[in-house]
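**Q** My structure is in final09.txt, and what it holds is compact mmCIF, C-alpha atoms:
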# COMPACT_ATOMS: atom_id res chain seq x y z
CA MET A 1 -22.88 165.66 99.93
CA LEU A 2 -19.80 167.02 101.67
CA TYR A 3 -18.30 168.68 98.57
CA PRO A 4 -21.28 171.02 97.87
CA LYS A 5 -21.35 172.07 101.53
CA LEU A 6 -17.61 172.78 101.52
CA CYS A 7 -17.87 174.72 98.26
CA ALA A 8 -20.77 176.76 99.65
CA LEU A 9 -18.73 177.46 102.78
CA CYS A 10 -15.67 178.48 100.71
CA LEU A 11 -17.85 180.67 98.47
CA GLY A 12 -19.38 182.38 101.50
CA ILE A 13 -15.97 183.05 103.07
CA ALA A 14 -14.58 184.34 99.78
CA MET A 15 -17.51 186.68 99.26
CA MET A 16 -17.19 188.02 102.81
CA MET A 17 -13.52 188.68 102.17
CA GLY A 18 -14.25 190.33 98.82
CA GLY A 19 -12.30 187.68 96.89
CA ALA A 20 -14.39 187.28 93.74
CA ALA A 21 -11.62 185.33 91.94
CA LEU A 22 -11.40 182.82 94.78
CA ALA A 23 -15.16 182.40 94.78
CA GLN A 24 -15.18 181.19 91.18
CA GLN A 25 -12.76 178.29 91.69
CA PRO A 26 -13.08 175.26 93.94
CA PRO A 27 -10.42 174.95 96.65
CA PRO A 28 -7.17 173.11 95.73
CA PHE A 29 -8.21 169.82 97.37
CA ALA A 30 -11.38 169.78 95.25
CA GLN A 31 -9.44 170.68 92.09
CA ARG A 32 -7.17 167.67 92.66
CA GLY A 33 -10.28 165.47 92.67
CA MET A 34 -11.71 166.73 89.39
CA PRO A 35 -12.16 164.22 86.55
CA GLY A 36 -9.20 164.27 84.18
CA SER A 37 -7.13 162.08 81.86
CA GLY A 38 -7.62 158.92 83.96
CA GLN A 39 -11.39 159.17 83.81
CA LYS A 40 -11.22 160.03 80.09
CA VAL A 41 -9.63 156.63 79.41
CA LEU A 42 -12.74 155.01 80.94
CA GLU A 43 -15.19 156.95 78.74
CA PRO A 44 -15.57 154.15 76.12
CA LEU A 45 -16.77 151.77 78.87
CA ALA A 46 -19.93 153.79 79.59
CA GLY A 47 -23.23 152.66 78.08
CA ASP A 48 -25.21 149.47 77.56
CA TRP A 49 -23.59 146.16 76.66
CA ASP A 50 -24.35 142.61 75.60
CA VAL A 51 -21.96 140.39 77.54
CA THR A 52 -20.75 136.84 76.95
CA MET A 53 -19.36 135.48 80.21
CA THR A 54 -17.19 132.37 80.24
CA LEU A 55 -16.32 130.77 83.59
CA PHE A 56 -13.34 128.46 83.24
CA ALA A 57 -12.95 126.93 86.70
CA ALA A 58 -14.69 127.07 90.03
CA MET A 59 -15.80 124.92 92.92
CA GLY A 60 -12.45 123.17 93.04
CA SER A 61 -12.73 120.90 90.03
CA PRO A 62 -11.76 121.32 86.39
CA GLN A 63 -14.85 121.55 84.28
CA LYS A 64 -15.98 122.49 80.83
CA PRO A 65 -16.28 126.26 80.56
CA PHE A 66 -19.68 127.61 81.52
CA VAL A 67 -21.00 130.28 79.12
CA ALA A 68 -23.80 132.74 79.89
CA LYS A 69 -25.35 135.73 78.14
CA LEU A 70 -25.61 138.81 80.35
CA SER A 71 -26.48 142.48 80.10
CA CYS A 72 -24.43 145.38 81.48
CA HIS A 73 -25.25 149.02 82.11
CA ARG A 74 -22.52 151.50 83.06
CA GLU A 75 -23.09 155.13 83.95
CA TRP A 76 -21.03 157.95 85.38
CA ILE A 77 -21.67 158.88 89.00
CA ALA A 78 -20.22 161.52 91.35
CA GLN A 79 -20.05 164.12 88.57
CA GLY A 80 -17.95 161.98 86.21
CA ARG A 81 -15.53 160.54 88.74
CA PHE A 82 -16.66 156.90 88.81
CA LEU A 83 -18.37 154.40 86.54
CA ARG A 84 -21.13 152.38 88.18
CA ASP A 85 -21.45 148.94 86.56
CA VAL A 86 -24.49 146.69 86.94
CA THR A 87 -24.17 143.35 85.15
CA GLU A 88 -26.96 140.78 85.38
CA GLY A 89 -28.57 137.82 83.73
CA PRO A 90 -30.16 134.49 84.61
CA ASN A 91 -28.88 133.57 88.09
CA TYR A 92 -26.20 136.28 87.95
CA PHE A 93 -25.78 139.73 89.49
CA ARG A 94 -22.73 141.93 89.93
CA GLN A 95 -22.45 145.59 90.79
CA GLY A 96 -19.18 147.42 90.61
CA THR A 97 -17.59 150.84 90.83
CA LEU A 98 -14.59 151.64 88.64
CA GLY A 99 -12.55 154.77 89.12
CA TYR A 100 -9.20 156.43 88.78
CA SER A 101 -7.29 157.79 91.77
CA ASN A 102 -5.80 161.11 90.66
CA MET A 103 -3.47 161.13 93.65
CA ASP A 104 -2.23 157.52 93.33
CA LYS A 105 -2.36 157.57 89.51
CA ARG A 106 -3.99 154.14 89.37
CA TYR A 107 -7.30 152.50 88.57
CA GLU A 108 -9.45 151.08 91.38
CA TRP A 109 -12.34 148.61 91.11
CA THR A 110 -14.70 147.19 93.72
CA THR A 111 -17.43 144.65 93.03
CA GLN A 112 -20.28 143.03 94.90
CA ASP A 113 -22.06 139.97 93.57
CA ALA A 114 -24.84 137.54 94.44
CA ILE A 115 -22.48 134.68 95.39
CA ASN A 116 -19.88 136.16 97.72
CA ALA A 117 -20.53 137.82 101.07
CA ASN A 118 -17.38 139.90 100.61
CA MET A 119 -16.45 142.66 98.19
CA MET A 120 -13.77 142.08 95.60
CA ILE A 121 -11.32 144.99 95.68
CA TYR A 122 -8.76 145.53 92.94
CA LEU A 123 -6.11 148.26 92.85
CA GLY A 124 -3.66 149.19 90.13
CA LYS A 125 -0.04 149.78 91.09
CA PRO A 126 0.55 153.40 92.15
CA GLY A 127 1.76 155.34 89.12
CA SER A 128 0.48 152.74 86.62
CA GLY A 129 -2.16 154.95 85.02
CA PRO A 130 -3.63 156.37 83.05
CA GLY A 131 -3.15 153.90 80.26
CA LEU A 132 -4.29 150.71 78.63
CA PRO A 133 -4.74 147.89 79.25
CA ILE A 134 -5.97 148.52 82.78
CA THR A 135 -4.48 146.02 85.24
CA MET A 136 -5.54 145.86 88.89
CA ALA A 137 -4.86 143.29 91.60
CA GLY A 138 -6.01 142.32 95.08
CA SER A 139 -6.95 139.31 97.16
CA PHE A 140 -9.96 137.82 98.91
CA THR A 141 -10.73 135.19 101.52
CA ASP A 142 -12.27 132.21 99.72
CA GLN A 143 -15.65 131.00 100.95
CA GLY A 144 -15.26 127.86 98.84
CA ILE A 145 -15.48 129.17 95.28
CA LEU A 146 -12.28 127.23 94.48
CA GLY A 147 -13.34 124.21 96.54
CA GLU A 148 -13.74 123.19 100.16
CA ALA A 149 -9.98 122.78 100.62
CA ASP A 150 -9.58 126.54 100.03
CA VAL A 151 -12.23 127.79 102.49
CA GLY A 152 -10.73 130.58 104.60
CA LYS A 153 -7.57 130.88 102.50
CA ARG A 154 -6.42 134.09 100.81
CA VAL A 155 -6.59 134.00 97.04
CA ALA A 156 -4.71 136.56 94.94
CA GLN A 157 -6.76 138.03 92.12
CA ARG A 158 -6.03 140.19 89.10
CA THR A 159 -8.34 141.95 86.65
CA VAL A 160 -7.31 143.11 83.18
CA ILE A 161 -9.57 145.41 81.14
CA THR A 162 -8.70 145.44 77.44
CA LEU A 163 -10.38 147.98 75.14
CA HIS A 164 -10.43 146.96 71.49
CA ASP A 165 -12.46 149.98 70.32
CA ARG A 166 -15.44 152.06 71.52
CA ASP A 167 -17.83 149.16 70.93
CA HIS A 168 -15.79 146.14 72.09
CA HIS A 169 -13.81 145.31 75.21
CA GLU A 170 -13.19 142.42 77.57
CA ILE A 171 -12.56 141.94 81.25
CA ASP A 172 -10.46 138.96 82.38
CA ILE A 173 -10.25 137.87 86.01
CA TYR A 174 -7.39 135.68 87.22
CA PHE A 175 -7.05 133.85 90.55
CA THR A 176 -3.88 132.54 92.14
CA PRO A 177 -4.83 130.02 94.84
CA SER A 178 -2.35 129.38 97.65
CA GLY A 179 0.56 127.31 96.33
CA ALA A 180 -0.75 127.28 92.74
CA ARG A 181 -0.18 129.15 89.50
CA GLU A 182 -2.34 132.02 88.34
CA ARG A 183 -5.26 130.92 86.18
CA LEU A 184 -7.95 132.64 84.15
CA VAL A 185 -11.30 132.02 85.85
CA ASP A 186 -13.67 134.53 84.26
CA ARG A 187 -13.74 136.26 80.86
CA LYS A 188 -16.45 138.70 79.90
CA VAL A 189 -16.62 139.91 76.31
CA TYR A 190 -18.60 143.14 75.85
CA VAL A 191 -20.29 144.33 72.64
CA ARG A 192 -22.13 147.65 72.71
CA LYS A 193 -25.87 147.16 72.33
CA GLY A 194 -27.10 148.14 68.89
CA THR A 195 -23.82 147.48 67.05
Please go through the file and, once you have read it, give me the structure as structure tokens.

**A**
Amino acid sequence: MLYPKLCALCLGIAMMMGGAALAQQPPPFAQRGMPGSGQKVLEPLAGDWDVTMTLFAAMGSPQKPFVAKLSCHREWIAQGRFLRDVTEGPNYFRQGTLGYSNMDKRYEWTTQDAINANMMIYLGKPGSGPGLPITMAGSFTDQGILGEADVGKRVAQRTVITLHDRDHHEIDIYFTPSGARERLVDRKVYVRKGT
């Protein structure tokens, strides 16, 4: 909402000043926020997907992997700056926003799901993009996903997005509990619907 108002204001000022050339271009701050090469890398992720989710460990005890079939829809929002992701299935819901920071030259990913009362926030290292695979990291305060002994503890997390081609990719999520090694906890394999 703010960008159109600022552009209208800039256009009005430029027209009053007789600057037709200025009126045709957005101001520099807006130009720096235009979709570019970082967003282009994300283009193959847009669309509708059949998803096979495998959960490898949760609730504090080793268990046989849990496999579920899900559906995912991703669409561009904010004039091609971010991909909105809605993934759902039986007893599962996750919404996310994936984008590329032109200024920090990194990918950024936030998710909200139907289990946690906190958002998962992942950031690539500044200067790490654009490129593949996409690797982003962060941490969260555990509400007991890894077991009662971890309630209230910070858990490091890392997401890796690997594109195989326009119709196949996967997203792996790793957790590193306090005092433990990193482990794969969630793998989602995506196949474009209709392929």

**Q** One decimal, Å: what's the distance from CA of Val41 (chain A) over to CA of Phe93 (chain A), could you say?

**A**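 According to the coordinates, CA of Val41 (chain A) and CA of Phe93 (chain A) are separated by 25.5 Å.
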
**Q** Could you pull out every residue with an atom within 7 Å of (-20.5, 148.4, 94.4), file coordinates, counting only C-alpha atoms, and send them as a PDB file with C-alpha atoms, in the coordinates of the input?

**A**
ATOM      1  CA  GLN A  95     -22.450 145.590  90.790  1.00  0.00           C
ATOM      2  CA  GLY A  96     -19.180 147.420  90.610  1.00  0.00           C
ATOM      3  CA  THR A  97     -17.590 150.840  90.830  1.00  0.00           C
ATOM      4  CA  THR A 110     -14.700 147.190  93.720  1.00  0.00           C
ATOM      5  CA  THR A 111     -17.430 144.650  93.030  1.00  0.00           C
ATOM      6  CA  GLN A 112     -20.280 143.030  94.900  1.00  0.00           C
TER       7      GLN A 112
END

**Q** For Gly89 (chain A), which residue out of A:Leu123, A:Leu146, A:Ala180, A:Ala114 is the nearest one, using all atoms listed in the file?

**A**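 Under the stated criterion, the closest residue is A:Ala114.
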
**Q** Identify, on the basis of only C-alpha atoms, every residue whose closest approach to Ser178 (chain A) does not exceed 10 Å; exclude the query and any residue fewer than 2 positions from it along the same chain; express the result as a PDB file with C-alpha atoms, keeping the file's coordinate frame.

**A**
ATOM      1  CA  ASP A 150      -9.580 126.540 100.030  1.00  0.00           C
ATOM      2  CA  LYS A 153      -7.570 130.880 102.500  1.00  0.00           C
ATOM      3  CA  ARG A 154      -6.420 134.090 100.810  1.00  0.00           C
ATOM      4  CA  VAL A 155      -6.590 134.000  97.040  1.00  0.00           C
ATOM      5  CA  ALA A 156      -4.710 136.560  94.940  1.00  0.00           C
ATOM      6  CA  PHE A 175      -7.050 133.850  90.550  1.00  0.00           C
ATOM      7  CA  THR A 176      -3.880 132.540  92.140  1.00  0.00           C
ATOM      8  CA  ALA A 180      -0.750 127.280  92.740  1.00  0.00           C
ATOM      9  CA  ARG A 181      -0.180 129.150  89.500  1.00  0.00           C
ATOM     10  CA  GLU A 182      -2.340 132.020  88.340  1.00  0.00           C
TER      11      GLU A 182
END

**Q** Can you tell me, as a PyMOL selection string, what residues are no more than 9 Å from Glu75 (chain A) when counting only C-alpha atoms, ignoring any on the same chain fewer than 4 positions away?

**A** chain A and resi 45-48+80+82-85

**Q** Write out as a list of chain:residue names each polymer residue whose atoms come within 10 Å of Thr195 (chain A), counting all atoms listed in the file; drop sequence neighbours fewer than 2 positions from it.

**A**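 Once the adjacent positions are removed, what remains is A:Trp49, A:Asp50, A:Asp167, A:His168, A:Val191, A:Arg192, A:Lys193.
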
**Q** When you count all atoms listed in the file, which of these residues is closest to Leu70 (chain A): A:Thr52, A:Thr159, A:Asn116, A:Gln39?

**A**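 Looking only at the distances to Leu70 (chain A), the closest residue turns out to be A:Thr52.
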
**Q** Find the smallest box with edges along x, y and z containing every listed atom of region 93-96 of chain A, then add 5 Å on each side and report centre and edge lengths in Å to one decimal, as AutoDock Vina command-line options.

**A**
--center_x -22.5 --center_y 143.6 --center_z 90.1 --size_x 16.6 --size_y 17.7 --size_z 11.3

**Q** How many Å separate CA of Thr87 (chain A) from CA of Pro177 (chain A)?

**A**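 It comes out at 25.4 Å.
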
**Q** Just the residues within 6 Å of Thr54 (chain A), please, counting all atoms listed in the file, with nothing from its chain fewer than 4 positions along; format it as a PyMOL selection string.

**A** chain A and resi 66-67+186-187

**Q** Considering only C-alpha atoms, state which residue in the set A:Gln79, A:Asn102, A:Met53, A:His73 is at the smallest distance from Arg32 (chain A).

**A** A:Asn102

**Q** Could you please determine the separation between CA of Met119 (chain A) and CA of Phe140 (chain A) in Å, to one decimal place?

**A**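 Computed distance, CA of Met119 (chain A) to CA of Phe140 (chain A), equals 8.1 Å.
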
**Q** With distances taken over only C-alpha atoms, which of A:Pro90, A:Gly179, A:Pro44, A:Gly138 is nearest to Asp165 (chain A)?

**A**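 Selected residue with least distance to Asp165 (chain A): A:Pro44.
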